[in-house]
Structures are given as structure tokens and as C-alpha cells.
Amino acid sequence: MGLLIKNGTVVSAEKTFAADVLIEGEAIKEVRAGIPAEPSHTVLDASGMLLLPGGIDAHTHLDMPFGGTTSSDDFETGTRAAAIGGTTTLVDFAIQAKGTRMRDALDTW
């Protein structure tokens, strides 16, 4: 059983090309044009759409204390929202107070 995404435009770090993407379990099994659909596959037509790898958000503020309150998203809600939007990796921001070392900010966070 798998998910077959047909007729999309795959965007990778090296190139952009027409291809199908076969996902089985939690892994991409194959990326190429013309992957045949099997009866156990769920097939999605991605004609006219871009198929992108997961994005990286290199500056998030999850559960961050600031000005007597905290940011609205914590790690559970923020990472869930990120994943739904296609972001698969994030780097949370550690506040470094003026005159302190970055190592201290990281240790605190």
C-alpha cells in the first residue's frame, strides 16, 4: 500500500523535472516519470503542481518568553502547524541578552 503522486513537477536542489513520486510507509521509494499505479496505491494527480521537499524554517519563536508573556505557539502546536505547511525542520531562536555569551543563551534555552 502506498501513495503515488502522478504528473507533478519535482523541484530538487539540483534540477526541476517532470516525475511521479511513490511513497510507501513513511519513505519516498521512487522518483521518476511513468511509475505504474498498482491496485494498492492511492493515486493523486499533481498535474500543474510543484512537488517540493520539506522546507526549513531557520528562525522560529516557539514557547519563547518575551515581555512578561510567551509566544502563542509552543513546540507541539508550532511543529504541527509547520508540518501541515510542509516545513519539516526548524531552528528555534534562543534569546541572547546584551552583554552575555551565546553559550549562556543556548544553555538557558
# chains A, B, ... in the order shown; residues from 1 in each chain; ligands from 1
>>> residues_around(residues="Asn7 in chain A", least_positions_apart="6", cutoff="7 Å", atoms="only C-alpha atoms", output="NGL selection string")
:A and (18-20 or 45-47)
>>> write_last_selection(atoms="C-alpha atoms", output="PDB file, in the first residue's frame")
ATOM      1  CA  ALA A  18       8.518  16.114 -14.598  1.00  0.00           C
ATOM      2  CA  ALA A  19       8.130  12.986 -12.469  1.00  0.00           C
ATOM      3  CA  ASP A  20       5.933  10.784 -10.318  1.00  0.00           C
ATOM      4  CA  ASP A  45      -2.872  13.750  -9.793  1.00  0.00           C
ATOM      5  CA  ALA A  46      -0.396  16.603  -9.360  1.00  0.00           C
ATOM      6  CA  SER A  47      -0.690  17.969 -12.907  1.00  0.00           C
TER       7      SER A  47
END
>>> residues_around(residues="range 26-37 of chain A", least_positions_apart="6", cutoff="10 Å", atoms="only C-alpha atoms", output="PyMOL selection string")
chain A and resi 2-10+17-20+43
>>> atom_distance(atom1="CA of Gly67 in chain A", atom2="CA of Ala97 in chain A")
13.0 Å
>>> closest_residue(among="A:Leu51, A:Glu38, A:Arg103, A:Thr79", to="Asp63 in chain A", atoms="only C-alpha atoms")
A:Thr79
>>> select_by_dssp(residues="chain A", states="helix (DSSP H, G or I)", output="ChimeraX atom specification")
/A:75-84,102-108
>>> write_last_selection(atoms="all heavy atoms", output="compact mmCIF listing (two decimals), in the first residue's frame")
# COMPACT_ATOMS: atom_id res chain seq x y z
N PHE A 75 6.03 24.15 21.33
CA PHE A 75 6.65 23.20 20.41
C PHE A 75 5.64 22.23 19.80
O PHE A 75 5.77 21.82 18.65
CB PHE A 75 7.80 22.46 21.10
CG PHE A 75 9.04 23.30 21.18
CD1 PHE A 75 9.29 24.08 22.29
CD2 PHE A 75 9.92 23.33 20.12
CE1 PHE A 75 10.42 24.88 22.35
CE2 PHE A 75 11.06 24.13 20.17
CZ PHE A 75 11.30 24.91 21.29
N GLU A 76 4.61 21.87 20.54
CA GLU A 76 3.60 20.96 19.98
C GLU A 76 2.80 21.63 18.87
O GLU A 76 2.71 21.12 17.76
CB GLU A 76 2.66 20.44 21.06
CG GLU A 76 1.63 19.48 20.50
CD GLU A 76 0.68 18.91 21.54
OE1 GLU A 76 0.88 19.15 22.74
OE2 GLU A 76 -0.27 18.23 21.14
N THR A 77 2.21 22.79 19.16
CA THR A 77 1.37 23.43 18.14
C THR A 77 2.20 24.00 16.99
O THR A 77 1.79 23.94 15.84
CB THR A 77 0.51 24.55 18.75
OG1 THR A 77 1.38 25.57 19.31
CG2 THR A 77 -0.42 24.01 19.82
N GLY A 78 3.37 24.52 17.30
CA GLY A 78 4.21 25.11 16.26
C GLY A 78 4.76 24.10 15.28
O GLY A 78 4.77 24.33 14.07
N THR A 79 5.22 22.96 15.80
CA THR A 79 5.75 21.94 14.88
C THR A 79 4.63 21.27 14.10
O THR A 79 4.81 20.90 12.94
CB THR A 79 6.60 20.90 15.62
OG1 THR A 79 5.84 20.32 16.69
CG2 THR A 79 7.87 21.52 16.17
N ARG A 80 3.46 21.12 14.72
CA ARG A 80 2.32 20.56 14.00
C ARG A 80 1.92 21.48 12.85
O ARG A 80 1.71 21.03 11.72
CB ARG A 80 1.14 20.35 14.95
CG ARG A 80 -0.06 19.71 14.27
CD ARG A 80 -1.19 19.46 15.24
NE ARG A 80 -0.77 18.42 16.18
CZ ARG A 80 -1.18 18.36 17.44
NH1 ARG A 80 -1.99 19.26 17.92
NH2 ARG A 80 -0.78 17.39 18.21
N ALA A 81 1.82 22.77 13.11
CA ALA A 81 1.47 23.73 12.06
C ALA A 81 2.54 23.76 10.97
O ALA A 81 2.22 23.82 9.78
CB ALA A 81 1.30 25.12 12.66
N ALA A 82 3.80 23.69 11.36
CA ALA A 82 4.88 23.67 10.38
C ALA A 82 4.77 22.47 9.46
O ALA A 82 4.87 22.60 8.23
CB ALA A 82 6.24 23.68 11.09
N ALA A 83 4.55 21.30 10.03
CA ALA A 83 4.45 20.07 9.23
C ALA A 83 3.28 20.14 8.26
O ALA A 83 3.40 19.75 7.10
CB ALA A 83 4.34 18.85 10.13
N ILE A 84 2.16 20.65 8.72
CA ILE A 84 0.99 20.78 7.84
C ILE A 84 1.30 21.69 6.66
O ILE A 84 0.86 21.47 5.54
CB ILE A 84 -0.25 21.26 8.63
CG1 ILE A 84 -0.72 20.14 9.56
CG2 ILE A 84 -1.37 21.72 7.70
CD1 ILE A 84 -1.75 20.57 10.58
N MET A 102 26.66 33.77 23.87
CA MET A 102 25.68 32.93 23.15
C MET A 102 25.55 31.58 23.84
O MET A 102 24.47 31.01 23.91
CB MET A 102 26.09 32.76 21.69
CG MET A 102 25.07 32.03 20.86
SD MET A 102 23.52 32.97 20.84
CE MET A 102 22.41 31.77 20.22
N ARG A 103 26.65 31.05 24.34
CA ARG A 103 26.61 29.76 25.04
C ARG A 103 25.64 29.81 26.22
O ARG A 103 24.91 28.87 26.48
CB ARG A 103 28.03 29.40 25.54
CG ARG A 103 28.12 28.12 26.33
CD ARG A 103 28.04 26.91 25.42
NE ARG A 103 26.72 26.32 25.49
CZ ARG A 103 26.26 25.39 24.66
NH1 ARG A 103 27.01 24.96 23.67
NH2 ARG A 103 25.07 24.89 24.78
N ASP A 104 25.61 30.95 26.94
CA ASP A 104 24.68 31.10 28.07
C ASP A 104 23.23 31.10 27.57
O ASP A 104 22.36 30.51 28.21
CB ASP A 104 24.97 32.38 28.85
CG ASP A 104 26.34 32.37 29.52
OD1 ASP A 104 26.82 31.25 29.84
OD2 ASP A 104 26.91 33.46 29.72
N ALA A 105 22.98 31.77 26.45
CA ALA A 105 21.62 31.79 25.89
C ALA A 105 21.18 30.39 25.48
O ALA A 105 20.05 29.98 25.76
CB ALA A 105 21.56 32.73 24.69
N LEU A 106 22.09 29.64 24.87
CA LEU A 106 21.75 28.27 24.48
C LEU A 106 21.52 27.38 25.70
O LEU A 106 20.59 26.57 25.71
CB LEU A 106 22.84 27.68 23.59
CG LEU A 106 22.98 28.31 22.21
CD1 LEU A 106 24.23 27.79 21.51
CD2 LEU A 106 21.74 28.05 21.38
N ASP A 107 22.34 27.52 26.73
CA ASP A 107 22.16 26.75 27.94
C ASP A 107 20.83 27.06 28.61
O ASP A 107 20.13 26.17 29.09
CB ASP A 107 23.31 27.00 28.92
CG ASP A 107 24.63 26.38 28.45
OD1 ASP A 107 24.60 25.52 27.54
OD2 ASP A 107 25.68 26.79 29.00
N THR A 108 20.44 28.34 28.63
CA THR A 108 19.16 28.74 29.21
C THR A 108 18.01 28.16 28.41
O THR A 108 17.05 27.64 28.95
CB THR A 108 19.04 30.27 29.27
OG1 THR A 108 20.07 30.78 30.09
CG2 THR A 108 17.68 30.71 29.79
>>> closest_residue(among="A:Pro65, A:Pro39, A:Lys15, A:Thr60", to="Asp92 in chain A", atoms="only C-alpha atoms")
A:Thr60
>>> closest_residue(among="A:His41, A:Val11, A:Thr16, A:Glu24", to="Gly55 in chain A", atoms="only C-alpha atoms")
A:Val11
>>> select_by_dssp(residues="chain A", states="strand (DSSP E)", output="PDB file with N, CA and C atoms, in the first residue's frame")
ATOM      1  N   GLY A   2       0.579   2.183  -0.846  1.00  0.00           N
ATOM      2  CA  GLY A   2       1.391   3.380  -0.926  1.00  0.00           C
ATOM      3  C   GLY A   2       0.625   4.533  -1.542  1.00  0.00           C
ATOM      4  N   LEU A   3       1.283   5.662  -1.590  1.00  0.00           N
ATOM      5  CA  LEU A   3       0.731   6.859  -2.195  1.00  0.00           C
ATOM      6  C   LEU A   3       1.563   7.162  -3.431  1.00  0.00           C
ATOM      7  N   LEU A   4       0.892   7.259  -4.572  1.00  0.00           N
ATOM      8  CA  LEU A   4       1.556   7.575  -5.831  1.00  0.00           C
ATOM      9  C   LEU A   4       1.087   8.946  -6.291  1.00  0.00           C
ATOM     10  N   ILE A   5       2.023   9.870  -6.350  1.00  0.00           N
ATOM     11  CA  ILE A   5       1.728  11.225  -6.825  1.00  0.00           C
ATOM     12  C   ILE A   5       2.186  11.283  -8.274  1.00  0.00           C
ATOM     13  N   LYS A   6       1.229  11.454  -9.195  1.00  0.00           N
ATOM     14  CA  LYS A   6       1.497  11.391 -10.633  1.00  0.00           C
ATOM     15  C   LYS A   6       1.534  12.789 -11.257  1.00  0.00           C
ATOM     16  N   ASN A   7       2.350  12.895 -12.302  1.00  0.00           N
ATOM     17  CA  ASN A   7       2.328  14.038 -13.219  1.00  0.00           C
ATOM     18  C   ASN A   7       2.743  15.370 -12.607  1.00  0.00           C
ATOM     19  N   GLY A   8       3.533  15.340 -11.543  1.00  0.00           N
ATOM     20  CA  GLY A   8       3.967  16.583 -10.917  1.00  0.00           C
ATOM     21  C   GLY A   8       5.278  17.082 -11.494  1.00  0.00           C
ATOM     22  N   THR A   9       5.668  18.246 -11.046  1.00  0.00           N
ATOM     23  CA  THR A   9       6.978  18.801 -11.368  1.00  0.00           C
ATOM     24  C   THR A   9       7.787  18.780 -10.083  1.00  0.00           C
ATOM     25  N   VAL A  10       8.791  17.914 -10.038  1.00  0.00           N
ATOM     26  CA  VAL A  10       9.626  17.760  -8.854  1.00  0.00           C
ATOM     27  C   VAL A  10      10.692  18.846  -8.856  1.00  0.00           C
ATOM     28  N   VAL A  11      10.854  19.501  -7.718  1.00  0.00           N
ATOM     29  CA  VAL A  11      11.871  20.537  -7.552  1.00  0.00           C
ATOM     30  C   VAL A  11      12.872  20.018  -6.533  1.00  0.00           C
ATOM     31  N   THR A  16      14.809  20.778 -11.760  1.00  0.00           N
ATOM     32  CA  THR A  16      13.353  20.712 -11.781  1.00  0.00           C
ATOM     33  C   THR A  16      12.975  19.828 -12.963  1.00  0.00           C
ATOM     34  N   PHE A  17      12.111  18.818 -12.705  1.00  0.00           N
ATOM     35  CA  PHE A  17      11.796  17.868 -13.768  1.00  0.00           C
ATOM     36  C   PHE A  17      10.423  17.240 -13.552  1.00  0.00           C
ATOM     37  N   ALA A  18       9.808  16.797 -14.658  1.00  0.00           N
ATOM     38  CA  ALA A  18       8.518  16.114 -14.598  1.00  0.00           C
ATOM     39  C   ALA A  18       8.740  14.709 -14.058  1.00  0.00           C
ATOM     40  N   ALA A  19       7.953  14.318 -13.048  1.00  0.00           N
ATOM     41  CA  ALA A  19       8.130  12.986 -12.469  1.00  0.00           C
ATOM     42  C   ALA A  19       6.934  12.612 -11.612  1.00  0.00           C
ATOM     43  N   ASP A  20       6.876  11.324 -11.291  1.00  0.00           N
ATOM     44  CA  ASP A  20       5.933  10.784 -10.318  1.00  0.00           C
ATOM     45  C   ASP A  20       6.727  10.498  -9.047  1.00  0.00           C
ATOM     46  N   VAL A  21       6.041  10.475  -7.921  1.00  0.00           N
ATOM     47  CA  VAL A  21       6.684  10.177  -6.642  1.00  0.00           C
ATOM     48  C   VAL A  21       5.888   9.071  -5.963  1.00  0.00           C
ATOM     49  N   LEU A  22       6.563   7.990  -5.604  1.00  0.00           N
ATOM     50  CA  LEU A  22       5.926   6.876  -4.906  1.00  0.00           C
ATOM     51  C   LEU A  22       6.391   6.885  -3.452  1.00  0.00           C
ATOM     52  N   ILE A  23       5.414   6.940  -2.545  1.00  0.00           N
ATOM     53  CA  ILE A  23       5.695   6.930  -1.113  1.00  0.00           C
ATOM     54  C   ILE A  23       5.101   5.660  -0.534  1.00  0.00           C
ATOM     55  N   GLU A  24       5.927   4.915   0.175  1.00  0.00           N
ATOM     56  CA  GLU A  24       5.453   3.708   0.847  1.00  0.00           C
ATOM     57  C   GLU A  24       5.839   3.805   2.314  1.00  0.00           C
ATOM     58  N   ALA A  27       8.423   6.599   3.780  1.00  0.00           N
ATOM     59  CA  ALA A  27       9.617   6.871   2.969  1.00  0.00           C
ATOM     60  C   ALA A  27       9.271   7.031   1.495  1.00  0.00           C
ATOM     61  N   ILE A  28      10.017   7.896   0.831  1.00  0.00           N
ATOM     62  CA  ILE A  28       9.910   8.019  -0.620  1.00  0.00           C
ATOM     63  C   ILE A  28      10.658   6.838  -1.213  1.00  0.00           C
ATOM     64  N   LYS A  29       9.940   6.010  -1.974  1.00  0.00           N
ATOM     65  CA  LYS A  29      10.544   4.804  -2.547  1.00  0.00           C
ATOM     66  C   LYS A  29      11.136   5.058  -3.929  1.00  0.00           C
ATOM     67  N   GLU A  30      10.460   5.920  -4.709  1.00  0.00           N
ATOM     68  CA  GLU A  30      10.900   6.108  -6.095  1.00  0.00           C
ATOM     69  C   GLU A  30      10.465   7.471  -6.595  1.00  0.00           C
ATOM     70  N   VAL A  31      11.323   8.088  -7.409  1.00  0.00           N
ATOM     71  CA  VAL A  31      11.008   9.355  -8.071  1.00  0.00           C
ATOM     72  C   VAL A  31      11.453   9.215  -9.514  1.00  0.00           C
ATOM     73  N   ARG A  32      10.496   9.178 -10.432  1.00  0.00           N
ATOM     74  CA  ARG A  32      10.797   9.106 -11.867  1.00  0.00           C
ATOM     75  C   ARG A  32       9.487   9.268 -12.627  1.00  0.00           C
ATOM     76  N   HIS A  41      -2.198   1.212  -4.467  1.00  0.00           N
ATOM     77  CA  HIS A  41      -1.779   2.609  -4.357  1.00  0.00           C
ATOM     78  C   HIS A  41      -2.970   3.557  -4.326  1.00  0.00           C
ATOM     79  N   THR A  42      -2.866   4.557  -3.499  1.00  0.00           N
ATOM     80  CA  THR A  42      -3.740   5.717  -3.607  1.00  0.00           C
ATOM     81  C   THR A  42      -3.042   6.650  -4.582  1.00  0.00           C
ATOM     82  N   VAL A  43      -3.757   7.098  -5.612  1.00  0.00           N
ATOM     83  CA  VAL A  43      -3.136   7.909  -6.658  1.00  0.00           C
ATOM     84  C   VAL A  43      -3.663   9.338  -6.576  1.00  0.00           C
ATOM     85  N   LEU A  44      -2.731  10.292  -6.549  1.00  0.00           N
ATOM     86  CA  LEU A  44      -3.072  11.715  -6.593  1.00  0.00           C
ATOM     87  C   LEU A  44      -2.515  12.305  -7.880  1.00  0.00           C
ATOM     88  N   ASP A  45      -3.324  13.097  -8.576  1.00  0.00           N
ATOM     89  CA  ASP A  45      -2.872  13.750  -9.793  1.00  0.00           C
ATOM     90  C   ASP A  45      -2.328  15.129  -9.436  1.00  0.00           C
ATOM     91  N   LEU A  50       3.827  21.847  -8.274  1.00  0.00           N
ATOM     92  CA  LEU A  50       5.220  21.614  -7.911  1.00  0.00           C
ATOM     93  C   LEU A  50       5.272  20.669  -6.723  1.00  0.00           C
ATOM     94  N   LEU A  51       6.184  19.705  -6.769  1.00  0.00           N
ATOM     95  CA  LEU A  51       6.405  18.785  -5.656  1.00  0.00           C
ATOM     96  C   LEU A  51       7.743  19.165  -5.033  1.00  0.00           C
ATOM     97  N   GLY A  55      10.422  22.041   3.767  1.00  0.00           N
ATOM     98  CA  GLY A  55      11.141  23.293   3.955  1.00  0.00           C
ATOM     99  C   GLY A  55      11.834  23.362   5.311  1.00  0.00           C
ATOM    100  N   ILE A  56      12.713  24.336   5.451  1.00  0.00           N
ATOM    101  CA  ILE A  56      13.425  24.582   6.704  1.00  0.00           C
ATOM    102  C   ILE A  56      13.115  26.011   7.146  1.00  0.00           C
ATOM    103  N   ASP A  57      12.640  26.147   8.371  1.00  0.00           N
ATOM    104  CA  ASP A  57      12.433  27.469   8.962  1.00  0.00           C
ATOM    105  C   ASP A  57      13.554  27.678   9.963  1.00  0.00           C
ATOM    106  N   ALA A  58      14.486  28.538   9.634  1.00  0.00           N
ATOM    107  CA  ALA A  58      15.704  28.704  10.434  1.00  0.00           C
ATOM    108  C   ALA A  58      15.579  29.757  11.524  1.00  0.00           C
ATOM    109  N   HIS A  59      14.368  30.244  11.797  1.00  0.00           N
ATOM    110  CA  HIS A  59      14.220  31.269  12.834  1.00  0.00           C
ATOM    111  C   HIS A  59      12.785  31.231  13.376  1.00  0.00           C
ATOM    112  N   THR A  60      12.534  30.349  14.343  1.00  0.00           N
ATOM    113  CA  THR A  60      11.208  30.266  14.953  1.00  0.00           C
ATOM    114  C   THR A  60      11.254  30.796  16.383  1.00  0.00           C
ATOM    115  N   PRO A  65       9.651  33.114  25.999  1.00  0.00           N
ATOM    116  CA  PRO A  65       9.271  34.170  26.933  1.00  0.00           C
ATOM    117  C   PRO A  65       9.719  35.526  26.395  1.00  0.00           C
ATOM    118  N   PHE A  66       8.818  36.506  26.463  1.00  0.00           N
ATOM    119  CA  PHE A  66       9.161  37.835  25.961  1.00  0.00           C
ATOM    120  C   PHE A  66       8.194  38.851  26.545  1.00  0.00           C
ATOM    121  N   THR A  69       5.235  37.683  28.799  1.00  0.00           N
ATOM    122  CA  THR A  69       4.316  36.678  28.257  1.00  0.00           C
ATOM    123  C   THR A  69       5.155  35.661  27.473  1.00  0.00           C
ATOM    124  N   THR A  70       4.501  34.749  26.781  1.00  0.00           N
ATOM    125  CA  THR A  70       5.219  33.820  25.905  1.00  0.00           C
ATOM    126  C   THR A  70       4.576  33.826  24.529  1.00  0.00           C
ATOM    127  N   THR A  87       6.797  22.386   6.235  1.00  0.00           N
ATOM    128  CA  THR A  87       8.090  22.630   6.867  1.00  0.00           C
ATOM    129  C   THR A  87       8.437  21.424   7.714  1.00  0.00           C
ATOM    130  N   THR A  88       9.575  20.810   7.437  1.00  0.00           N
ATOM    131  CA  THR A  88       9.942  19.579   8.135  1.00  0.00           C
ATOM    132  C   THR A  88      11.070  19.766   9.134  1.00  0.00           C
ATOM    133  N   THR A  89      11.716  20.931   9.121  1.00  0.00           N
ATOM    134  CA  THR A  89      12.815  21.196  10.042  1.00  0.00           C
ATOM    135  C   THR A  89      12.715  22.634  10.524  1.00  0.00           C
ATOM    136  N   LEU A  90      12.995  22.827  11.816  1.00  0.00           N
ATOM    137  CA  LEU A  90      13.026  24.194  12.317  1.00  0.00           C
ATOM    138  C   LEU A  90      14.189  24.377  13.267  1.00  0.00           C
ATOM    139  N   VAL A  91      14.628  25.624  13.369  1.00  0.00           N
ATOM    140  CA  VAL A  91      15.680  26.016  14.302  1.00  0.00           C
ATOM    141  C   VAL A  91      15.074  27.106  15.169  1.00  0.00           C
ATOM    142  N   ASP A  92      14.889  26.801  16.445  1.00  0.00           N
ATOM    143  CA  ASP A  92      14.248  27.768  17.333  1.00  0.00           C
ATOM    144  C   ASP A  92      15.256  28.819  17.784  1.00  0.00           C
TER     145      ASP A  92
END
>>> atom_distance(atom1="CA of Trp109 in chain A", atom2="CA of Ile95 in chain A")
7.9 Å
>>> atom_distance(atom1="CA of Ser71 in chain A", atom2="CA of Phe93 in chain A")
11.6 Å
